[in-house]
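Structure, as C-alpha cells:
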There are 2 protein chains.
Amino acid sequence: MPPAAPRSLAPRKRPRQARATVTLDAVFEATIQVLLTVGPHRLTTTRVAERAGVSVGTMYQYFAHKQALIYALNERYLDALADKIEVTCLEQRGMPARQMIEALIECYWRAKTERADVTQALYRSVAELDNEALIDAFAARADAATKAMLASAPDLDTQELESMTRTLLTVIFGSVRNAFERNLDEVAARQLRGHLAVMCGALLDSRSGPPA
Amino acid sequence: MPPAAPRSLAPRKRPRQARATVTLDAVFEATIQVLLTVGPHRLTTTRVAERAGVSVGTMYQYFAHKQALIYALNERYLDALADKIEVTCLEQRGMPARQMIEALIECYWRAKTERADVTQALYRSVAELDNEALIDAFAARADAATKAMLASAPDLDTQELESMTRTLLTVIFGSVRNAFERNLDEVAARQLRGHLAVMCGALLDSRSGPPA
DNA sequence: CTAGAATATGAAGGATTGTTCAGTTTGAGG
DNA sequence: CCTCAAACTGAACAATCCTTCATATTCTAG
C-alpha cells in the first residue's frame, strides 16, 4: 500500500448509511462546480455546502478542514485514474509494444477529456494543498503497471526498462497537461496524439535496433 | 504586441527613482520566498511586505491588489523565458534540425533548473489567478520563434511545420513540468533529456523520409 | 415500537486578511 | 537652500471565512 494520507488530511469518518454516501457525492460534485465557477481562491466551505444542498456542519463531520476536502477530492480522482491505467496495462499484456503505447495514450487522453471540466478543476485546485503524497502514490502505480506491461512485449528488449517507462509516462502525462493549458482545438489535439505515438514508438526502437 | 494585461491586473505605476526599483525587486523576490515557505494559499500581502522589508502601503502603490502582484511576477518570469527562447532560436538559424532541438531542450531545461525554487513557486502560484492571457502570449512568442528556426533548417521539409512546432513545444514544456512535479533526481533527469532529444528527432524524420 | 446511533442543521465566535489613507520621509530640479 | 513630487509608513477598518457545538432529525437494529 502506498503511503497513506497524513493524519490531518485524512477523512474524519466514513459514511455508514446510504444517505451519507449521497451527501458525500454531492459535496464532491459541488466542490468541482465551485472550483470551476468561482475559482480555487474563492472556494468557500459555505459555498460548497450551499451548492451541494447541505449544511456546512455536515461537511465538517467528514472532513476536518477545507484542505482535507480538496485532498480527498484529488485522491478520489487519482485513484480512479490509476485504476483505468492498470486495467489498460493488463489488457495489453503480450501485445506489440507500439500498440501498448497507443492504448496507453488513448486511455490517459480519454480519462482527461471525458470530463474536461473536472480535469481543469483539479489542475487548479492543486495549489491549495500539499499533494506530494498523492502524486507519488499515483506515479508509483502508473509506473509499476506500465513497466509490467512493457516487460511482456515480445518485440522489446528489457534493458533500460526502468528509465524508458519513466520517460514515457513523463512525456505522455506532461504533454496532455500542457495541451490542456493551451486549450488546443479538436484537430490540433488529434495531431498531437498522432505525433505522441510516433515519438514514443521511436523511443522504444532506439535501443532494440531497427526492425528486420 | 500580444494582448496586454487586463486593466484590473495592470500595475498602478512604474518606478521613477532608483529606490523604487530596488523596492520592487525586493517585493518580487519576497513574493517568491513566501510562496515557497508558506505556500500560495497563505501568501499574505503583509507577509510579503515584511519579508521584503517594506510597508504594505508601499506595495499597494504599485499593485492594485494581491492578484496584480502575482500576475506581474508571472509576467516578468514568462517574458524573460520567452526572451531566452528567442535568443536560442535565432542562434540556431541554419543549423541541422536535430541540433536545433537539442539546443531548445537545453535552453528550456536550463532556464527552469537554474533557479528551481522560482520555477516551483510560480507553478504553484498560477492557481491563484487567471493567467490565460500570459500563457497565450508566451506560447505565441515561443511558437513563432521555433517555427522560424525550424523553417531555416536545411535538412527539413517545411510541410506540417505548424503542427510539428506545436507538438514539439507541447511535449518539451509539458515533460519538463512533469519532471518537476515528480522530483526526478539528477540521473533520471539526464536520461529524460536524452530520451526527449531522441523522440523529438524522430518526429522531425517522420515525414521527411529516412536519411540516405 | 423504542432506543440508540448516525446524520444533518446553521447561527455564532474567533481569527485572518485585503485594502485604504492621512501623514511622514526622501530624493530631484532649480 | 527651497519646493514639489515621488516614495514610504502602518494603524485601523471592513469584510470574509473557517470551524464549532448544542440541537434536531432520520435511520436501524432488536
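Convention: chains lettered A, B, ... in C-alpha cells order; per-chain residue numbering from 1; ligands numbered from 1 as shown.
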
(message) Please check the contacts: residues of chain D at most 12 Å away from chain B, using only C-alpha atoms (C1' of nucleotides), listed as a list in words.
(response)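 Applying the cut-off to the listed atoms yields DA5, DA6, DA7, DC8, DT9, DG10 and DA11 of chain D.
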
Take the residues from that selection and write them out as a short mmCIF file (atom, residue, chain, number, x, y, z; two decimals), in the first residue's frame, keeping C-alpha atoms (C1' of nucleotides).
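Final output, result_36.cif:
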data_model
loop_
_atom_site.label_atom_id
_atom_site.label_comp_id
_atom_site.auth_asym_id
_atom_site.auth_seq_id
_atom_site.Cartn_x
_atom_site.Cartn_y
_atom_site.Cartn_z
"C1'" DA D 5 6.71 65.25 -6.49
"C1'" DA D 6 7.83 60.65 -5.61
"C1'" DA D 7 8.14 57.17 -2.26
"C1'" DC D 8 7.09 55.22 2.06
"C1'" DT D 9 4.58 54.25 6.52
"C1'" DG D 10 1.38 51.37 9.39
"C1'" DA D 11 -2.57 51.64 12.40
#

(message) With only C-alpha atoms (C1' of nucleotides) considered, list every residue of chain B at most 8 Å from chain C, as a list in words.
(response)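 Close enough to count are Thr44, Thr45, His65 and Lys66 of chain B.
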
Could you save those same residues with N, CA and C atoms as a short mmCIF file (atom, residue, chain, number, x, y, z; two decimals), in the first residue's frame?
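Output below, filename result24.cif:
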data_model
loop_
_atom_site.label_atom_id
_atom_site.label_comp_id
_atom_site.auth_asym_id
_atom_site.auth_seq_id
_atom_site.Cartn_x
_atom_site.Cartn_y
_atom_site.Cartn_z
N THR B 44 0.29 36.26 2.13
CA THR B 44 -0.41 37.43 2.62
C THR B 44 0.34 38.70 2.19
N THR B 45 -0.41 39.71 1.88
CA THR B 45 0.24 40.96 1.50
C THR B 45 1.17 41.43 2.61
N HIS B 65 -4.05 45.20 -6.26
CA HIS B 65 -4.45 44.17 -5.31
C HIS B 65 -3.52 42.97 -5.43
N LYS B 66 -3.74 42.01 -4.58
CA LYS B 66 -2.83 40.88 -4.48
C LYS B 66 -2.65 40.17 -5.81
#

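Shortest atom-to-atom contact with chain A among B:Ala148, B:Ile85, B:Leu104, B:Val38: B:Val38, counting only C-alpha atoms.
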
With a cut-off of 10 Å, could you pull out the residues of segment 111-176 of chain B touching segment 192-205 of chain A and give me the nearest pair of atoms for each, distance in Å to one decimal, using only C-alpha atoms, ordered by chain and ascending number, as a Markdown table?
| residue | atom | partner | partner_atom | distance |
| --- | --- | --- | --- | --- |
| B:Ser163 | CA | A:Leu192 | CA | 7.8 |
| B:Met164 | CA | A:His195 | CA | 8.0 |
| B:Arg166 | CA | A:Leu192 | CA | 8.1 |
| B:Thr167 | CA | A:Leu192 | CA | 5.7 |
| B:Leu168 | CA | A:His195 | CA | 9.1 |
| B:Thr170 | CA | A:Leu192 | CA | 8.5 |
| B:Val171 | CA | A:Leu196 | CA | 8.2 |

(request) Give me every alpha helix (DSSP H) residue in chain B, going by DSSP on the backbone, as a VMD selection string. (result) chain B and resid 18 to 38 45 to 52 56 to 62 66 to 91 97 to 113 116 to 125 132 to 151 161 to 182 186 to 205

(request) Tell me, in Å to one decimal, how far atom CA of Ser152 of chain A is from atom CA of Glu91 of chain A. (result)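 These atoms are spaced 11.3 Å apart.
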
(request) Excluding Leu78 of chain B and residues on its chain fewer than 3 positions from it, collect all residues at most 9 Å away from it, counting only C-alpha atoms (C1' of nucleotides), and give them as an MDAnalysis selection string. (result) chainID B and resid 73:75 81:83 134:135 137:138

(request) Please identify all polymer residues within 9 Å of segment 117-129 of chain B, counting only C-alpha atoms (C1' of nucleotides), omitting same-chain residues fewer than 4 positions from it, and present them as a PyMOL selection string. (result) (chain A and resi 39-41+123-128) or (chain B and resi 31-36+39-41+67-68+70-71+73-74+77+111-113+177+180-181)

(message) Restricting the calculation to only C-alpha atoms: of B:Arg76, B:Arg182, B:Arg47, B:Arg14, which residue gets closest to chain A?
(response)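 Going through B:Arg76, B:Arg182, B:Arg47, B:Arg14 one by one, the smallest distance to chain A is for B:Arg182.
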
(request) To one decimal in Å, tell me the separation between atom CA of Leu150 of chain A and atom CA of Gln99 of chain A. (result) 10.6 Å
